[in-house]
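Student: Provided herewith: work20.tsv, TSV, C-alpha atoms (C1' of nucleotides).
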chain	number	residue	atom	x	y	z
A	163	MET	CA	43.46	42.89	42.42
A	164	ALA	CA	43.34	40.91	39.22
A	165	ALA	CA	46.54	39.04	40.01
A	166	HIS	CA	44.84	35.66	39.73
A	167	LYS	CA	43.44	36.43	36.29
A	168	PRO	CA	44.73	33.99	33.69
A	169	ALA	CA	47.32	35.04	31.14
A	170	THR	CA	45.41	33.37	28.31
A	171	ALA	CA	41.72	33.39	27.49
A	172	PHE	CA	41.26	30.21	29.52
A	173	PRO	CA	41.33	30.19	33.28
A	174	ALA	CA	44.26	28.21	34.60
A	175	PRO	CA	42.94	24.92	36.00
A	176	GLU	CA	44.57	25.65	39.33
A	177	HIS	CA	43.30	29.22	39.69
A	178	ASP	CA	41.47	30.41	42.78
A	179	HIS	CA	37.77	29.87	42.11
A	180	THR	CA	36.60	31.34	45.36
A	181	ALA	CA	38.45	34.56	44.81
A	182	CYS	CA	37.32	34.98	41.23
A	183	ILE	CA	33.69	34.44	42.18
A	184	ALA	CA	33.98	37.01	44.95
A	185	ASP	CA	35.67	39.43	42.56
A	186	ALA	CA	32.92	39.04	40.00
A	187	LEU	CA	30.18	39.64	42.57
A	188	ASP	CA	31.98	42.66	43.97
A	189	ALA	CA	32.54	44.09	40.52
A	190	ALA	CA	28.89	43.63	39.59
A	191	GLU	CA	27.75	45.24	42.82
A	192	GLN	CA	29.98	48.23	42.27
A	193	THR	CA	28.97	48.67	38.63
A	194	CYS	CA	25.31	48.53	39.60
A	195	ARG	CA	25.80	51.11	42.31
A	196	GLN	CA	27.58	53.40	39.86
A	197	ASP	CA	24.95	52.98	37.16
A	198	GLY	CA	21.92	53.13	39.41
A	199	LEU	CA	20.95	49.51	38.78
A	200	ARG	CA	19.35	47.31	41.39
A	201	PHE	CA	21.61	44.44	42.28
A	202	THR	CA	18.90	42.58	44.20
A	203	PRO	CA	19.51	39.45	46.31
A	204	LEU	CA	17.91	37.35	43.60
A	205	ARG	CA	20.16	38.71	40.89
A	206	ARG	CA	23.18	38.32	43.11
A	207	ARG	CA	22.20	34.76	43.85
A	208	VAL	CA	21.82	33.86	40.18
A	209	LEU	CA	25.11	35.53	39.30
A	210	GLU	CA	26.79	33.61	42.09
A	211	ILE	CA	25.40	30.29	40.87
A	212	VAL	CA	26.55	31.05	37.34
A	213	TRP	CA	30.05	31.87	38.54
A	214	ASN	CA	30.10	28.91	40.85
A	215	ARG	CA	29.74	26.56	37.91
A	216	HIS	CA	32.58	28.32	36.17
A	217	ALA	CA	31.45	26.83	32.88
A	218	PRO	CA	28.31	27.27	30.79
A	219	ILE	CA	25.22	26.52	32.88
A	220	GLY	CA	21.64	26.10	31.65
A	221	ALA	CA	18.75	28.09	33.07
A	222	TYR	CA	17.17	24.95	34.50
A	223	ASP	CA	20.39	23.91	36.18
A	224	ILE	CA	20.35	27.31	37.85
A	225	LEU	CA	16.78	26.63	38.92
A	226	ASP	CA	17.89	23.33	40.44
A	227	GLU	CA	20.61	25.08	42.39
A	228	MET	CA	18.05	27.52	43.74
A	229	ARG	CA	15.78	24.70	44.80
A	230	ASP	CA	18.31	23.49	47.38
A	231	GLY	CA	16.54	25.37	50.18
A	232	ASN	CA	12.94	24.63	51.07
A	233	ARG	CA	11.49	26.96	48.47
A	234	ALA	CA	11.19	26.22	44.79
A	235	ALA	CA	11.69	28.80	42.09
A	236	ALA	CA	9.89	29.01	38.75
A	237	PRO	CA	11.51	29.54	35.35
A	238	PRO	CA	10.59	33.20	34.90
A	239	THR	CA	12.40	34.02	38.12
A	240	VAL	CA	15.66	32.77	36.70
A	241	TYR	CA	15.11	34.01	33.16
A	242	ARG	CA	14.35	37.50	34.38
A	243	ALA	CA	17.47	37.61	36.49
A	244	LEU	CA	19.46	36.30	33.54
A	245	ASP	CA	17.93	38.94	31.27
A	246	PHE	CA	19.14	41.60	33.64
A	247	LEU	CA	22.60	40.10	34.01
A	248	VAL	CA	23.02	39.60	30.28
A	249	GLU	CA	21.67	43.05	29.44
A	250	HIS	CA	24.23	44.67	31.67
A	251	GLY	CA	27.11	42.47	30.63
A	252	PHE	CA	27.66	40.46	33.82
A	253	VAL	CA	26.73	37.24	32.09
A	254	HIS	CA	26.90	36.08	28.50
A	255	LYS	CA	24.60	33.69	26.77
A	256	ILE	CA	26.33	30.99	24.76
A	257	GLU	CA	23.87	30.60	21.91
A	258	SER	CA	25.21	27.34	20.60
A	259	LEU	CA	24.77	25.72	24.02
A	260	ASN	CA	21.65	27.53	25.23
A	261	ALA	CA	23.62	28.21	28.36
A	262	PHE	CA	25.05	31.09	30.35
A	263	ILE	CA	28.48	31.98	31.65
A	264	GLY	CA	29.87	34.71	33.85
A	265	CYS	CA	31.66	37.47	32.01
A	266	GLY	CA	35.30	37.80	32.95
A	267	LYS	CA	35.58	41.43	31.89
A	268	PRO	CA	32.27	43.18	32.54
A	269	ASP	CA	33.89	46.63	32.68
A	270	GLY	CA	34.41	47.78	29.14
A	271	ASP	CA	32.51	47.47	25.95
A	272	HIS	CA	33.12	44.10	24.41
A	273	VAL	CA	31.45	41.71	22.08
A	274	GLY	CA	31.99	38.34	23.68
A	275	GLN	CA	34.10	35.95	21.68
A	276	PHE	CA	34.12	32.47	23.13
A	277	LEU	CA	36.40	29.49	22.84
A	278	ILE	CA	34.37	26.45	23.86
A	279	CYS	CA	36.27	23.28	24.64
A	280	GLY	CA	34.30	20.26	23.47
A	281	ALA	CA	36.09	17.99	25.92
A	282	CYS	CA	36.16	19.75	29.29
A	283	ARG	CA	33.32	22.18	28.47
A	284	GLN	CA	35.40	25.05	29.78
A	285	VAL	CA	34.99	28.34	27.97
A	286	GLY	CA	37.63	30.96	27.34
A	287	GLU	CA	36.73	34.53	26.51
A	288	LEU	CA	38.77	36.12	23.77
A	289	ASP	CA	37.29	39.59	23.28
A	290	ASP	CA	39.76	40.57	20.65
A	291	PRO	CA	39.03	44.01	19.23
A	292	GLU	CA	40.91	43.21	16.05
A	293	ILE	CA	38.43	40.43	15.26
A	294	ALA	CA	35.47	42.61	16.10
A	295	ARG	CA	36.80	45.41	13.92
A	296	LEU	CA	37.49	43.14	10.97
A	297	ILE	CA	33.99	41.68	11.11
A	298	ALA	CA	32.42	45.12	11.41
A	299	LYS	CA	34.46	46.30	8.44
A	300	LYS	CA	33.54	43.35	6.24
A	301	ALA	CA	29.90	43.65	7.22
A	302	LYS	CA	29.93	47.32	6.35
A	303	THR	CA	31.31	46.49	2.93
A	304	ALA	CA	28.21	44.36	2.43
A	305	GLY	CA	26.09	47.37	3.42
A	306	PHE	CA	25.33	45.91	6.82
A	307	ASN	CA	25.08	47.94	9.99
A	308	VAL	CA	26.27	45.83	12.94
A	309	SER	CA	24.63	46.03	16.33
A	310	HIS	CA	25.82	42.80	17.95
A	311	GLN	CA	28.27	40.02	17.18
A	312	THR	CA	27.92	36.41	18.31
A	313	ILE	CA	31.21	34.57	18.01
A	314	GLU	CA	31.49	31.06	19.39
A	315	VAL	CA	34.40	28.86	18.49
A	316	MET	CA	34.26	25.13	19.18
A	317	GLY	CA	37.41	23.07	19.57
A	318	LEU	CA	39.85	21.80	22.14
A	319	CYS	CA	41.61	23.81	24.79
A	320	ARG	CA	45.32	23.39	25.31
A	321	ASP	CA	44.97	20.91	28.15
A	322	CYS	CA	42.44	18.69	26.41
A	323	ALA	CA	44.29	18.74	23.11
A	324	GLY	CA	47.38	17.75	25.03
A	325	ASN	CA	45.65	14.88	26.80
A	326	ALA	CA	44.31	13.66	23.46
A	327	HIS	CA	47.71	12.52	22.20
A	328	ALA	CA	48.81	11.14	25.55
B	690	MET	CA	24.57	29.64	-14.17
B	691	ALA	CA	25.08	31.80	-11.13
B	692	ALA	CA	24.19	34.97	-12.97
B	693	HIS	CA	21.40	35.80	-10.57
B	694	LYS	CA	23.64	35.46	-7.51
B	695	PRO	CA	23.81	38.73	-5.61
B	696	ALA	CA	26.87	40.91	-5.69
B	697	THR	CA	26.82	41.39	-1.91
B	698	ALA	CA	26.23	38.93	0.88
B	699	PHE	CA	22.53	39.76	0.79
B	700	PRO	CA	20.24	38.54	-1.93
B	701	ALA	CA	18.83	41.41	-3.94
B	702	PRO	CA	15.17	41.88	-3.02
B	703	GLU	CA	14.18	41.55	-6.65
B	704	HIS	CA	16.20	38.42	-7.40
B	705	ASP	CA	14.64	35.31	-8.93
B	706	HIS	CA	13.56	33.10	-6.01
B	707	THR	CA	12.30	30.29	-8.14
B	708	ALA	CA	15.56	29.97	-9.99
B	709	CYS	CA	17.70	30.11	-6.89
B	710	ILE	CA	15.64	27.40	-5.19
B	711	ALA	CA	15.95	25.20	-8.25
B	712	ASP	CA	19.68	25.85	-8.39
B	713	ALA	CA	20.11	24.91	-4.76
B	714	LEU	CA	18.19	21.66	-5.17
B	715	ASP	CA	20.11	20.77	-8.31
B	716	ALA	CA	23.42	21.53	-6.66
B	717	ALA	CA	22.54	19.40	-3.63
B	718	GLU	CA	21.44	16.53	-5.83
B	719	GLN	CA	24.63	16.64	-7.82
B	720	THR	CA	26.84	16.87	-4.74
B	721	CYS	CA	25.07	13.90	-3.20
B	722	ARG	CA	25.47	11.87	-6.34
B	723	GLN	CA	29.18	12.69	-6.44
B	724	ASP	CA	29.72	11.91	-2.78
B	725	GLY	CA	27.56	8.79	-2.62
B	726	LEU	CA	25.00	10.40	-0.32
B	727	ARG	CA	21.31	9.60	-0.46
B	728	PHE	CA	19.31	12.64	-1.46
B	729	THR	CA	15.98	11.07	-0.58
B	730	PRO	CA	12.58	12.61	-1.37
B	731	LEU	CA	12.21	13.57	2.29
B	732	ARG	CA	15.52	15.36	2.39
B	733	ARG	CA	14.80	17.08	-0.89
B	734	ARG	CA	11.42	18.17	0.41
B	735	VAL	CA	12.89	19.65	3.59
B	736	LEU	CA	15.64	21.42	1.67
B	737	GLU	CA	13.04	22.82	-0.71
B	738	ILE	CA	10.92	24.15	2.18
B	739	VAL	CA	13.97	25.75	3.74
B	740	TRP	CA	14.90	27.46	0.49
B	741	ASN	CA	11.33	28.44	-0.17
B	742	ARG	CA	11.28	30.55	2.96
B	743	HIS	CA	14.48	32.21	1.89
B	744	ALA	CA	15.04	33.35	5.47
B	745	PRO	CA	15.69	31.48	8.70
B	746	ILE	CA	12.94	28.92	9.33
B	747	GLY	CA	12.31	26.95	12.51
B	748	ALA	CA	12.03	23.16	12.55
B	749	TYR	CA	8.39	23.33	13.58
B	750	ASP	CA	7.57	25.74	10.78
B	751	ILE	CA	9.03	23.18	8.42
B	752	LEU	CA	6.81	20.57	10.04
B	753	ASP	CA	3.80	22.79	9.42
B	754	GLU	CA	4.72	23.12	5.78
B	755	MET	CA	4.92	19.37	5.50
B	756	ARG	CA	1.51	18.98	7.10
B	757	ASP	CA	-0.18	20.68	4.18
B	758	GLY	CA	-1.04	17.34	2.59
B	759	ASN	CA	-3.24	14.84	4.39
B	760	ARG	CA	-0.41	13.24	6.34
B	761	ALA	CA	1.22	14.71	9.41
B	762	ALA	CA	4.93	14.47	10.10
B	763	ALA	CA	6.60	14.14	13.48
B	764	PRO	CA	9.53	16.21	14.77
B	765	PRO	CA	12.21	13.52	14.37
B	766	THR	CA	11.41	13.29	10.68
B	767	VAL	CA	12.33	16.90	10.17
B	768	TYR	CA	15.22	16.99	12.61
B	769	ARG	CA	16.84	13.98	10.99
B	770	ALA	CA	16.57	15.50	7.56
B	771	LEU	CA	17.99	18.74	8.94
B	772	ASP	CA	20.85	16.85	10.58
B	773	PHE	CA	21.74	15.40	7.22
B	774	LEU	CA	21.45	18.70	5.39
B	775	VAL	CA	23.47	20.57	7.99
B	776	GLU	CA	26.12	17.87	8.20
B	777	HIS	CA	26.71	18.04	4.49
B	778	GLY	CA	26.60	21.80	4.27
B	779	PHE	CA	23.34	22.28	2.36
B	780	VAL	CA	21.76	24.06	5.28
B	781	HIS	CA	23.14	26.08	8.17
B	782	LYS	CA	21.73	26.35	11.62
B	783	ILE	CA	21.49	29.90	12.96
B	784	GLU	CA	22.17	29.27	16.64
B	785	SER	CA	20.97	32.60	17.89
B	786	LEU	CA	17.58	32.07	16.26
B	787	ASN	CA	17.22	28.31	16.63
B	788	ALA	CA	16.45	28.29	12.96
B	789	PHE	CA	17.78	27.00	9.67
B	790	ILE	CA	18.67	28.56	6.37
B	791	GLY	CA	19.78	27.26	2.99
B	792	CYS	CA	23.46	27.59	2.30
B	793	GLY	CA	24.22	29.79	-0.68
B	794	LYS	CA	27.61	28.25	-1.35
B	795	PRO	CA	27.51	24.57	-0.43
B	796	ASP	CA	30.46	23.71	-2.69
B	797	GLY	CA	33.61	24.63	-0.86
B	798	ASP	CA	34.74	24.44	2.69
B	799	HIS	CA	33.39	27.39	4.60
B	800	VAL	CA	32.54	28.34	8.10
B	801	GLY	CA	29.26	30.16	7.80
B	802	GLN	CA	29.35	33.79	8.80
B	803	PHE	CA	25.91	35.33	8.92
B	804	LEU	CA	24.58	38.85	8.79
B	805	ILE	CA	21.11	38.78	10.32
B	806	CYS	CA	18.88	41.76	9.70
B	807	GLY	CA	16.77	42.45	12.78
B	808	ALA	CA	14.15	44.28	10.72
B	809	CYS	CA	13.45	42.15	7.64
B	810	ARG	CA	14.86	38.92	9.10
B	811	GLN	CA	16.82	38.33	5.92
B	812	VAL	CA	20.22	36.74	6.32
B	813	GLY	CA	23.32	37.37	4.28
B	814	GLU	CA	26.17	34.92	4.21
B	815	LEU	CA	29.61	36.43	4.41
B	816	ASP	CA	32.02	33.47	4.46
B	817	ASP	CA	35.09	35.62	4.53
B	818	PRO	CA	38.27	33.55	4.80
B	819	GLU	CA	40.16	36.50	6.26
B	820	ILE	CA	37.84	36.56	9.26
B	821	ALA	CA	38.05	32.82	9.70
B	822	ARG	CA	41.82	32.91	9.51
B	823	LEU	CA	42.14	35.76	12.00
B	824	ILE	CA	39.91	33.97	14.50
B	825	ALA	CA	41.80	30.72	14.07
B	826	LYS	CA	45.08	32.56	14.57
B	827	LYS	CA	43.95	34.35	17.72
B	828	ALA	CA	42.48	31.16	19.11
B	829	LYS	CA	45.72	29.33	18.45
B	830	THR	CA	47.60	31.99	20.36
B	831	ALA	CA	45.39	31.12	23.34
B	832	GLY	CA	46.37	27.47	22.87
B	833	PHE	CA	43.00	26.60	21.39
B	834	ASN	CA	42.52	24.15	18.57
B	835	VAL	CA	39.55	25.25	16.44
B	836	SER	CA	37.16	22.75	14.92
B	837	HIS	CA	34.17	24.96	14.14
B	838	GLN	CA	33.31	28.65	14.17
B	839	THR	CA	29.86	30.11	14.80
B	840	ILE	CA	29.68	33.71	13.65
B	841	GLU	CA	26.34	35.49	13.70
B	842	VAL	CA	26.14	39.23	13.34
B	843	MET	CA	22.94	41.07	14.19
B	844	GLY	CA	22.13	44.44	12.74
B	845	LEU	CA	20.38	46.13	9.85
B	846	CYS	CA	20.79	45.35	6.18
B	847	ARG	CA	21.29	48.16	3.72
B	848	ASP	CA	17.64	48.39	2.74
B	849	CYS	CA	16.29	48.39	6.27
B	850	ALA	CA	18.89	50.86	7.53
B	851	GLY	CA	17.92	53.08	4.59
B	852	ASN	CA	14.22	52.87	5.38
B	853	ALA	CA	14.93	53.72	9.02
B	854	HIS	CA	15.91	57.32	8.27
B	855	ALA	CA	13.23	57.83	5.66
C	563	DG	C1'	18.89	-12.66	-7.29
C	564	DC	C1'	19.36	-13.59	-2.09
C	565	DG	C1'	20.18	-12.74	2.34
C	566	DA	C1'	22.83	-9.99	5.81
C	567	DT	C1'	23.75	-5.48	7.22
C	568	DA	C1'	23.51	-0.71	7.27
C	569	DT	C1'	20.83	3.20	6.60
C	570	DG	C1'	16.56	5.75	6.46
C	571	DT	C1'	11.76	6.63	8.04
C	572	DG	C1'	7.41	6.31	11.10
C	573	DT	C1'	5.53	6.81	15.58
C	574	DT	C1'	4.91	7.61	20.48
C	575	DA	C1'	6.45	9.63	24.22
C	576	DT	C1'	9.13	12.80	26.68
C	577	DA	C1'	12.98	16.02	27.66
C	578	DT	C1'	14.69	20.64	27.47
C	579	DT	C1'	14.43	25.53	26.89
C	580	DA	C1'	11.70	29.72	27.14
C	581	DT	C1'	7.62	32.86	27.45
C	582	DT	C1'	2.84	34.72	28.52
C	583	DA	C1'	-0.24	36.52	31.66
C	584	DC	C1'	-1.56	38.18	35.73
C	585	DA	C1'	-1.15	38.86	40.86
C	586	DT	C1'	1.59	40.74	44.55
C	587	DA	C1'	5.42	43.10	46.62
C	588	DT	C1'	8.95	46.52	46.94
C	589	DC	C1'	11.43	50.65	45.76
C	590	DG	C1'	12.08	55.61	44.99
C	591	DA	C1'	10.63	59.87	44.08
C	592	DA	C1'	6.97	63.70	44.27
D	655	DT	C1'	2.41	58.89	52.01
D	656	DT	C1'	0.87	57.82	48.04
D	657	DC	C1'	1.79	57.18	43.27
D	658	DG	C1'	4.19	55.09	39.47
D	659	DA	C1'	7.77	52.19	38.15
D	660	DT	C1'	10.30	48.22	38.82
D	661	DA	C1'	10.89	43.58	40.65
D	662	DT	C1'	9.20	39.08	42.07
D	663	DG	C1'	5.78	35.04	42.67
D	664	DT	C1'	2.97	31.72	40.40
D	665	DA	C1'	0.44	28.89	37.06
D	666	DA	C1'	0.04	27.66	32.69
D	667	DT	C1'	1.77	26.83	28.24
D	668	DA	C1'	4.67	27.55	24.09
D	669	DA	C1'	8.67	26.40	21.42
D	670	DT	C1'	12.58	23.55	20.53
D	671	DA	C1'	14.73	19.01	20.53
D	672	DT	C1'	15.68	14.04	21.55
D	673	DA	C1'	15.04	9.00	23.06
D	674	DA	C1'	13.55	4.61	22.05
D	675	DC	C1'	11.84	1.28	19.32
D	676	DA	C1'	9.41	-0.68	15.14
D	677	DC	C1'	9.47	-1.09	10.39
D	678	DA	C1'	10.98	-0.25	5.60
D	679	DT	C1'	14.28	0.28	2.06
D	680	DA	C1'	18.83	0.36	0.04
D	681	DT	C1'	23.37	-1.60	-0.66
D	682	DC	C1'	26.78	-4.98	-0.93
D	683	DG	C1'	28.96	-9.52	-0.74
D	684	DC	C1'	28.07	-13.72	-2.40
Could I get this file's structure written as structure tokens?
Tutor:
Amino acid sequence: MAAHKPATAFPAPEHDHTACIADALDAAEQTCRQDGLRFTPLRRRVLEIVWNRHAPIGAYDILDEMRDGNRAAAPPTVYRALDFLVEHGFVHKIESLNAFIGCGKPDGDHVGQFLICGACRQVGELDDPEIARLIAKKAKTAGFNVSHQTIEVMGLCRDCAGNAHA
Amino acid sequence: MAAHKPATAFPAPEHDHTACIADALDAAEQTCRQDGLRFTPLRRRVLEIVWNRHAPIGAYDILDEMRDGNRAAAPPTVYRALDFLVEHGFVHKIESLNAFIGCGKPDGDHVGQFLICGACRQVGELDDPEIARLIAKKAKTAGFNVSHQTIEVMGLCRDCAGNAHA
DNA sequence: GCGATATGTGTTATATTATTACATATCGAA
DNA sequence: TTCGATATGTAATAATATAACACATATCGC
């Protein structure tokens, strides 16, 4: 079922977009059913747009995508849907970009550790428990009680770094 | 000279603000002199306001502070000064708050790892090389070439966690 | 010093991101 | 079916950030 999932944190450039979007929507729907959450058409639509981009997308870009029919949407519509999707782990906010991205592993508990390529703007999700644990441990040493970690790493993905010295 | 520096990442509540602001300004001035950078009155003023707050401060709050005389300042004035201060490591931007904070250790190379207390809004700076190295290593394994790390940890500082179960 | 060039600052306007406040609609349970 | 909670529509505005251009000041070669 997850056969097209990438081996590394980054999606393979040639992977099957359509399938991974469908998977993400299905997974969200199922999780919502299980947890008694309302996966409304609006929320589904926003999640679909986010996944469609397959890279960080701003709230107002989402609004633009929603405007393609005859009806216009207003910011709160999108922000509320995003709040829901972020709260329940279907979407992550990339703080350093003020943008949103679909979560590749919405199942378990995870902190969201992102590798952001400055060239192609693609984002890989690391979600390494060892990193999370180390940070929690070091924070605790400083007397700090962790509730949430924001980890965003800028740099170049393999492909873009490769192209650089071509 | 650094005798009043806190033992942990967090400044002690009773520490000497005035002295630590003065220290920070002196250190910035000296670094700029050494590196041939122009520590102009404007930049000094902005850095002083940032340190004065001694917690994350937004660009427009800085603007307000500058408006206390008879002359008003415009956003680019502050943002340009902040750009300079951030670029040279005197100030960090806290991405998850869209705010800025004085850097406690502007000397060496460091990534900026922040512990942000959700109750008192104080921020501790961790700057643990072990964390930075682990992240770089894991990223490399994913074929990612790191240029910058953003690490912001939300939670409760020792004092606020203590007060919570009082 | 003198002029050319780069760097810094002032100012106006505007772009981008996000929220408040309140009205209406829909859902789900008693 | 009606009540309360949750979700959505809509208008206005707040908060954050940048573009573009004019002017001032510093720095460096001469």
Student: Could you work out how far CA of Phe172 (chain A) lies from CA of Val285 (chain A), giving the answer in Å with one decimal?
Tutor: 6.7 Å
Student: Can you tell me, as an MDAnalysis selection string, what residues are no more than 12 Å from DG658 (chain D) when counting all atoms listed in the file, ignoring any on the same chain fewer than 5 positions away?
Tutor: chainID C and resid 589:592
Student: What's around Asp750 (chain B) at 12 Å? Count only C-alpha atoms (C1' of nucleotides), leave out sequence neighbours fewer than 3 positions away in its own chain, and write the answer as a PyMOL selection string.
Tutor: (chain B and resi 735+738-739+741-742+744-747+753-757+762-764+767-768+787-789) or (chain D and resi 669-670)
Student: Define the interface residues of chain B facing chain A as those within 8 Å, counting only C-alpha atoms, and report them as a list in words.
Tutor: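 Residues passing the distance filter: Thr697, Ala698, Phe699, Glu784, Ser785, Leu804, Leu815, Ile820, Leu823, Ile824, Ala828, Ala831, Gly832, Phe833, Asn834, Val835, Ser836, His837, Gln838, Thr839, Ile840, Glu841, Val842, Met843, Gly844, Leu845, Cys846, Arg847 and Ala850 of chain B.
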Student: Identify every residue of chain A that has at least one atom within 10 Å of any atom of chain D, counting only C-alpha atoms (C1' of nucleotides), and report the result as number ranges by chain.
Tutor: A: 200, 202, 204, 235-236, 238-239, 242-243
Student: Figure out the distance between CA of His177 (chain A) and CA of Arg195 (chain A), please, to one decimal in Å.
Tutor: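 If I compute the distance from CA of Arg195 (chain A) to CA of His177 (chain A), I get 28.1 Å.
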Student: Give me, please, the distance in Å between CA of Gly851 (chain B) and CA of Gly793 (chain B), quoted to one decimal.
Tutor: 24.7 Å
Student: Go through B:Ala761, B:Ala717, B:Ile751, B:Val775 one by one, measure the shortest atom-to-atom distance of each to chain C using only C-alpha atoms (C1' of nucleotides), and give the residue with the smallest value.
Tutor: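 Closest to chain C, using only C-alpha atoms (C1' of nucleotides): B:Ala761.
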Student: Return as a Markdown table the residues of chain C lying at most 9 Å from chain A, together with the closest atom-to-atom pair for each and the distance in Å to one decimal, counting all atoms listed in the file, with rows in chain order and ascending residue number.
Tutor:
| residue | atom | partner | partner_atom | distance |
| --- | --- | --- | --- | --- |
| C:DT578 | C1' | A:Tyr222 | CA | 8.6 |
| C:DT579 | C1' | A:Asn260 | CA | 7.7 |
| C:DA580 | C1' | A:Tyr241 | CA | 8.1 |
| C:DT581 | C1' | A:Pro238 | CA | 8.0 |
Student: Which one of A:Val273, A:Asp197, A:His254, A:Gly264 sits closest to Ile183 (chain A) if you count all atoms listed in the file?
Tutor: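 Of A:Val273, A:Asp197, A:His254, A:Gly264, the one nearest Ile183 (chain A), counting all atoms listed in the file, is A:Gly264.
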